[in-house]
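**Q** Input input-v6.cif, format and content: mmCIF, C-alpha atoms and all ligand atoms.
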data_my_file
loop_
_atom_site.label_atom_id
_atom_site.label_comp_id
_atom_site.auth_asym_id
_atom_site.auth_seq_id
_atom_site.Cartn_x
_atom_site.Cartn_y
_atom_site.Cartn_z
CA MET V 226 1.43 -51.41 19.59
CA HIS V 227 5.20 -51.16 19.24
CA ALA V 228 6.74 -47.84 18.34
CA HIS V 229 8.53 -48.51 15.08
CA ALA V 230 10.75 -45.86 13.55
CA GLN V 231 8.77 -46.15 10.33
CA PRO V 232 5.24 -47.41 10.84
CA THR V 233 3.17 -48.66 7.93
CA TYR V 234 -0.51 -48.33 7.14
CA ALA V 235 -0.99 -51.93 8.24
CA GLU V 236 0.02 -50.93 11.77
CA LEU V 237 -2.09 -47.76 11.88
CA ALA V 238 -5.26 -49.22 10.34
CA PRO V 239 -6.48 -50.79 13.61
CA ILE V 240 -6.42 -47.34 15.28
CA LEU V 241 -8.47 -45.89 12.42
CA GLN V 242 -10.86 -48.84 12.64
CA ALA V 243 -11.36 -48.41 16.36
CA ARG V 244 -11.58 -44.61 16.58
CA CYS V 245 -12.49 -43.09 13.21
CA VAL V 246 -14.31 -45.43 10.85
CA MET V 247 -17.68 -45.17 12.63
CA CYS V 248 -17.92 -41.66 11.19
CA HIS V 249 -15.45 -41.79 8.31
CA SER V 250 -16.67 -44.52 5.97
CA GLY V 251 -19.41 -45.29 3.51
CA ALA V 252 -21.60 -42.95 1.51
CA SER V 253 -22.14 -40.67 4.51
CA ALA V 254 -18.49 -40.38 5.60
CA ALA V 255 -17.93 -37.20 7.66
CA ALA V 256 -16.46 -34.44 5.49
CA GLY V 257 -16.43 -36.96 2.63
CA LEU V 258 -13.29 -38.47 4.18
CA LYS V 259 -13.11 -42.27 4.20
CA LEU V 260 -10.61 -43.74 6.61
CA ASP V 261 -11.50 -47.44 6.19
CA THR V 262 -8.98 -48.01 3.40
CA LEU V 263 -5.59 -46.58 2.47
CA GLU V 264 -7.06 -45.46 -0.87
CA GLY V 265 -9.81 -43.51 0.90
CA LEU V 266 -7.33 -41.86 3.24
CA LEU V 267 -5.09 -40.85 0.33
CA ALA V 268 -8.09 -39.56 -1.64
CA GLY V 269 -8.74 -37.04 1.14
CA SER V 270 -11.90 -35.17 2.08
CA ALA V 271 -14.37 -33.04 0.17
CA ARG V 272 -11.96 -30.16 0.98
CA GLY V 273 -8.86 -31.87 -0.41
CA PRO V 274 -5.93 -34.05 0.68
CA VAL V 275 -5.45 -34.68 4.40
CA VAL V 276 -1.89 -36.03 4.09
CA ARG V 277 1.12 -34.67 2.23
CA ALA V 278 4.10 -37.02 1.90
CA GLY V 279 7.08 -35.73 3.88
CA ALA V 280 4.99 -33.20 5.82
CA GLY V 281 3.57 -35.22 8.71
CA GLU V 282 3.05 -32.47 11.26
CA ALA V 283 1.70 -30.03 8.66
CA SER V 284 -0.81 -32.54 7.29
CA GLU V 285 -4.48 -31.89 8.14
CA LEU V 286 -4.80 -35.44 9.52
CA VAL V 287 -2.12 -34.85 12.17
CA ARG V 288 -3.32 -31.29 12.84
CA ARG V 289 -6.78 -32.71 13.59
CA LEU V 290 -5.31 -35.42 15.83
CA ARG V 291 -3.30 -32.81 17.79
CA GLY V 292 -6.12 -30.28 17.84
CA THR V 293 -4.11 -27.55 16.09
CA SER V 294 -6.96 -27.71 13.56
CA ALA V 295 -10.48 -27.78 15.02
CA PRO V 296 -12.61 -29.65 15.74
CA ARG V 297 -10.07 -32.06 17.16
CA MET V 298 -10.41 -35.71 16.07
CA PRO V 299 -11.69 -38.16 16.97
CA MET V 300 -14.76 -36.01 17.44
CA THR V 301 -15.86 -38.39 20.21
CA GLY V 302 -12.80 -37.54 22.32
CA PRO V 303 -11.57 -37.17 24.91
CA PRO V 304 -9.93 -39.54 25.06
CA PHE V 305 -8.00 -38.47 21.98
CA LEU V 306 -5.13 -40.54 20.61
CA GLU V 307 -2.01 -40.87 22.71
CA ASP V 308 0.90 -38.61 21.80
CA ALA V 309 2.91 -41.69 20.77
CA GLN V 310 0.14 -42.76 18.39
CA ILE V 311 -0.11 -39.29 16.85
CA ALA V 312 3.68 -39.27 16.43
CA GLN V 313 3.35 -42.55 14.54
CA PHE V 314 0.88 -41.03 12.09
CA ALA V 315 3.27 -38.10 11.58
CA ALA V 316 6.24 -40.46 11.03
CA TRP V 317 4.19 -42.53 8.60
CA ILE V 318 3.31 -39.45 6.53
CA ASP V 319 6.92 -38.23 6.71
CA ALA V 320 7.94 -41.60 5.26
CA GLY V 321 5.54 -41.22 2.32
CA MET V 322 2.60 -43.30 3.61
CA PRO V 323 4.02 -46.83 3.08
CA ALA V 324 1.29 -49.47 2.88
CA GLY V 325 3.19 -52.24 4.62
CA SER V 326 2.45 -55.88 4.01
CA PRO V 327 -0.69 -56.11 1.85
CA ALA V 328 -1.73 -59.22 3.74
CA ALA V 329 -1.40 -57.43 7.05
CA ALA V 330 -3.19 -54.37 5.69
CA ALA V 331 -6.05 -56.51 4.39
CA ALA V 332 -6.30 -58.33 7.68
CA ALA V 333 -6.28 -55.02 9.54
CA THR V 334 -9.13 -53.53 7.49
CA PRO V 335 -12.06 -55.89 7.65
CA PRO V 336 -15.23 -54.66 5.96
CA ARG V 337 -16.94 -51.96 7.95
CA PRO V 338 -18.84 -53.53 10.82
CA ALA V 339 -22.56 -52.99 10.60
CA VAL V 340 -22.68 -49.86 12.75
CA SER V 341 -26.25 -48.71 12.98
CA GLY V 342 -27.10 -45.09 12.41
CA ARG V 343 -28.24 -45.14 15.99
CA ALA V 344 -24.71 -45.92 17.22
CA ASP V 345 -23.30 -42.99 15.25
CA ILE V 346 -25.92 -40.70 16.68
CA ALA V 347 -25.36 -42.02 20.19
CA LEU V 348 -21.66 -41.09 19.86
CA ILE V 349 -22.44 -37.54 18.87
CA GLU V 350 -25.12 -37.22 21.56
CA ARG V 351 -22.70 -38.43 24.20
CA TRP V 352 -20.05 -36.02 22.97
CA ILE V 353 -22.46 -33.10 23.16
CA ALA V 354 -23.86 -34.27 26.52
CA ASP V 355 -20.31 -34.45 27.90
CA GLY V 356 -19.99 -30.77 27.13
CA ALA V 357 -17.63 -31.39 24.22
CA ARG V 358 -14.44 -31.20 26.31
CA ASP V 359 -11.01 -30.87 24.79
CA ALA V 360 -7.96 -32.88 25.90
CA GLN V 361 -7.34 -30.52 28.84
CA GLY V 362 -10.95 -30.90 29.96
CA HIS V 363 -11.95 -27.41 28.87
CA ALA V 364 -15.23 -27.03 27.04
CA ALA V 365 -14.27 -27.31 23.39
CA PRO V 366 -15.95 -25.06 20.87
CA MET V 367 -18.93 -26.72 19.26
CA PRO V 368 -18.08 -27.46 15.61
CA VAL V 369 -20.67 -24.89 14.61
CA GLY V 370 -21.49 -25.08 10.97
CA ALA V 371 -19.92 -28.54 10.52
CA ALA V 372 -21.73 -30.50 7.84
CA VAL V 373 -23.18 -33.77 9.12
CA ARG V 374 -25.00 -36.68 7.59
CA LEU V 375 -26.84 -38.94 9.97
CA HIS V 376 -29.11 -41.93 9.67
CA GLY V 377 -31.80 -42.77 12.16
CA THR V 378 -35.45 -43.05 12.94
CA LEU V 379 -37.53 -39.94 12.65
CA VAL V 380 -39.35 -40.41 15.96
CA GLY V 381 -41.17 -37.06 15.82
CA PRO V 382 -41.58 -34.14 13.44
CA ALA V 383 -38.30 -32.63 14.67
CA GLN V 384 -36.44 -35.48 16.33
CA LEU V 385 -34.01 -38.06 15.00
CA ASP V 386 -33.82 -40.72 17.70
CA ALA V 387 -32.84 -38.57 20.74
CA LEU V 388 -31.34 -35.76 18.66
CA PRO V 389 -33.43 -32.60 18.21
CA LEU V 390 -33.68 -31.31 14.66
CA ARG V 391 -34.23 -27.72 13.57
CA GLY V 392 -35.63 -26.17 10.46
CA VAL V 393 -37.35 -29.34 9.28
CA ALA V 394 -40.21 -27.31 7.82
CA GLY V 395 -37.86 -25.45 5.49
CA ALA V 396 -35.77 -28.47 4.54
CA ARG V 397 -36.01 -30.49 1.37
CA ALA V 398 -37.78 -33.74 2.23
CA GLU V 399 -38.05 -36.84 0.09
CA ARG V 400 -40.08 -39.83 1.19
CA ALA V 401 -39.48 -38.97 4.84
CA ARG V 402 -42.21 -39.96 7.28
CA ILE V 403 -42.42 -40.03 11.04
CA GLY V 404 -41.48 -43.47 12.33
CA GLY V 405 -39.43 -44.07 9.18
CA TYR V 406 -35.69 -44.56 8.78
CA VAL V 407 -34.20 -41.43 7.26
CA GLU V 408 -30.98 -39.81 6.19
CA VAL V 409 -30.53 -36.27 7.49
CA ARG V 410 -28.10 -33.78 6.04
CA GLY V 411 -27.54 -30.59 7.92
CA ARG V 412 -25.24 -28.45 9.99
CA VAL V 413 -24.37 -28.30 13.67
CA THR V 414 -25.86 -25.22 15.37
CA SER V 415 -24.19 -23.33 18.23
CA ASP V 416 -26.33 -25.19 20.77
CA GLY V 417 -25.55 -28.63 19.45
CA GLU V 418 -28.70 -29.20 17.48
CA ILE V 419 -28.83 -30.11 13.82
CA GLU V 420 -30.17 -27.54 11.37
CA VAL V 421 -31.67 -29.75 8.68
CA GLN V 422 -31.05 -29.08 5.02
CA ARG V 423 -32.35 -32.33 3.62
CA LEU V 424 -34.33 -35.28 4.90
CA ARG V 425 -34.60 -38.43 2.87
CA GLY V 426 -36.48 -41.64 3.60
CA ARG V 427 -34.44 -44.84 3.16
C1 LIG K 501 -18.21 -38.79 15.83
C2 LIG K 501 -17.80 -38.71 14.43
C3 LIG K 501 -16.32 -38.62 14.10
C4 LIG K 501 -15.27 -39.40 14.53
C5 LIG K 501 -15.31 -40.57 15.48
C6 LIG K 501 -14.11 -38.92 13.83
N1 LIG K 501 -14.42 -37.88 13.03
FE1 LIG K 501 -13.15 -36.84 11.82
N2 LIG K 501 -14.65 -35.57 11.31
C7 LIG K 501 -15.96 -35.66 11.74
C8 LIG K 501 -16.71 -34.52 11.25
C9 LIG K 501 -18.20 -34.23 11.47
C10 LIG K 501 -15.78 -33.74 10.52
C11 LIG K 501 -16.03 -32.42 9.83
C12 LIG K 501 -15.77 -31.32 10.82
C13 LIG K 501 -15.39 -30.03 10.16
O1 LIG K 501 -16.29 -29.30 9.74
O2 LIG K 501 -14.20 -29.77 10.03
C14 LIG K 501 -14.51 -34.43 10.57
C15 LIG K 501 -13.36 -33.97 9.95
C16 LIG K 501 -12.15 -34.65 9.94
C17 LIG K 501 -10.97 -34.23 9.22
C18 LIG K 501 -10.83 -32.96 8.41
C19 LIG K 501 -11.08 -33.17 6.95
C20 LIG K 501 -10.78 -31.88 6.19
O3 LIG K 501 -10.29 -31.98 5.06
O4 LIG K 501 -11.05 -30.79 6.71
C21 LIG K 501 -9.99 -35.15 9.45
C22 LIG K 501 -8.57 -35.16 8.91
C23 LIG K 501 -10.57 -36.16 10.31
N3 LIG K 501 -11.88 -35.82 10.58
C24 LIG K 501 -9.89 -37.26 10.79
C25 LIG K 501 -10.40 -38.12 11.75
C26 LIG K 501 -9.61 -39.16 12.37
C27 LIG K 501 -8.17 -39.47 12.01
C28 LIG K 501 -10.43 -39.76 13.27
C29 LIG K 501 -10.08 -40.88 14.21
C30 LIG K 501 -8.87 -40.71 15.03
C31 LIG K 501 -11.73 -39.11 13.22
N4 LIG K 501 -11.66 -38.11 12.28
C32 LIG K 501 -12.83 -39.46 13.98
C33 LIG K 501 -16.50 -36.67 12.51
C34 LIG K 501 -15.77 -37.64 13.16
#
What does the file become when written as structure tokens?
Ligand code: HEC
**A**
Amino acid sequence: MHAHAQPTYAELAPILQARCVMCHSGASAAAGLKLDTLEGLLAGSARGPVVRAGAGEASELVRRLRGTSAPRMPMTGPPFLEDAQIAQFAAWIDAGMPAGSPAAAAAATPPRPAVSGRADIALIERWIADGARDAQGHAAPMPVGAAVRLHGTLVGPAQLDALPLRGVAGARAERARIGGYVEVRGRVTSDGEIEVQRLRGR
């Protein structure tokens, strides 16, 4: 990608598609933040806006990309984005989040590929198995308490695919059965397991 003085959404969308959308799209978007469209990005997360026009470096999106706000994004990193790419996001926000050519933007944001719940889970498993390193290779703090929503097969009473689940007995369960495809809502515990709050068959 060329470093333009004023990048547009159309130029940044492919980065979001490749590195963020697997977790940040659809009904179970992480933190309620959808990054598969400009509208979703501008709408922000369940906690509020993630970009503020004119304030690139201070925006939560850039703070997450730099790791000044934790956990650093993409949560699957390292690798994280290159400094030049992060600078482009900051410049884009400074410029007021221009959309760029609608045709280019549309072309750059194809409908979400059919990522299986299993692929999402595999990403998180790999991240935890890698010891959740930060950009400098130091063990990054586990995003303890982070709310997660995952889809997968309930292969045992307390296991979603290869991911161990905790507190299933105390969780709300609707139509969930072992061997079935379920949605799990819960929180990340300090040892990288998921404390289940709700289990729902799909
Ligand atoms: C493996 C899944 C995953 C990937 C990939 C991922 N994220 Fe996230 N993201 C999360 C989770 C989970 C949270 C909530 C963590 C927390 O509690 O702050 C989050 C939170 C965020 C937040 C904070 C929202 C707020 O208001 O606090 C931003 C901004 C964000 N992500 C941006 C990105 C960007 C940009 C990318 C791609 C470069 C990305 N994420 C990739 C899972 C992911």
**Q** For ligand LIG 501 (chain K), list the contacting residues at 6 Å or closer, counting only C-alpha atoms and all ligand atoms, as a list in words.
**A** Leu241, Arg244, Cys245, Met247, Cys248, Ala255, Ala256, Ser270, Arg272, Gly273, Val275, Glu285, Leu286, Arg289, Pro296, Met298, Pro299, Met300, Thr301, Leu348, Ile349, Ala371, Ala372 and Val373 of chain V
**Q** Smallest atom-to-atom distance to Ala401 (chain V): which of V:Ala324, V:Leu424, V:Ala312, V:Leu388, using only C-alpha atoms?
**A**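 Looking only at the distances to Ala401 (chain V), the closest residue turns out to be V:Leu424.
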**Q** Give the padded box for region 274-288 of chain V as AutoDock Vina command-line options: axis-aligned, covering all atoms listed in the file, 5 Å on each side, centre and edge lengths in Å to one decimal.
**A**
--center_x 0.6 --center_y -33.5 --center_z 6.8 --size_x 23.0 --size_y 17.0 --size_z 22.2
**Q** Which one of V:Ile318, V:Ile403, V:Val413, V:Leu237 sits closest to Leu385 (chain V) if you count only C-alpha atoms?
**A**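 Using only C-alpha atoms, Leu385 (chain V) sits closest to V:Ile403.
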**Q** CA of Asp308 (chain V) and CA of Glu282 (chain V) are how many Å apart?
**A**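 Those two atoms sit 12.4 Å apart.
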**Q** State, in Å with one decimal place, the distance from CA of Leu306 (chain V) to CA of Ala252 (chain V).
**A**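 About the pair CA of Leu306 (chain V) and CA of Ala252 (chain V): they are 25.3 Å apart.
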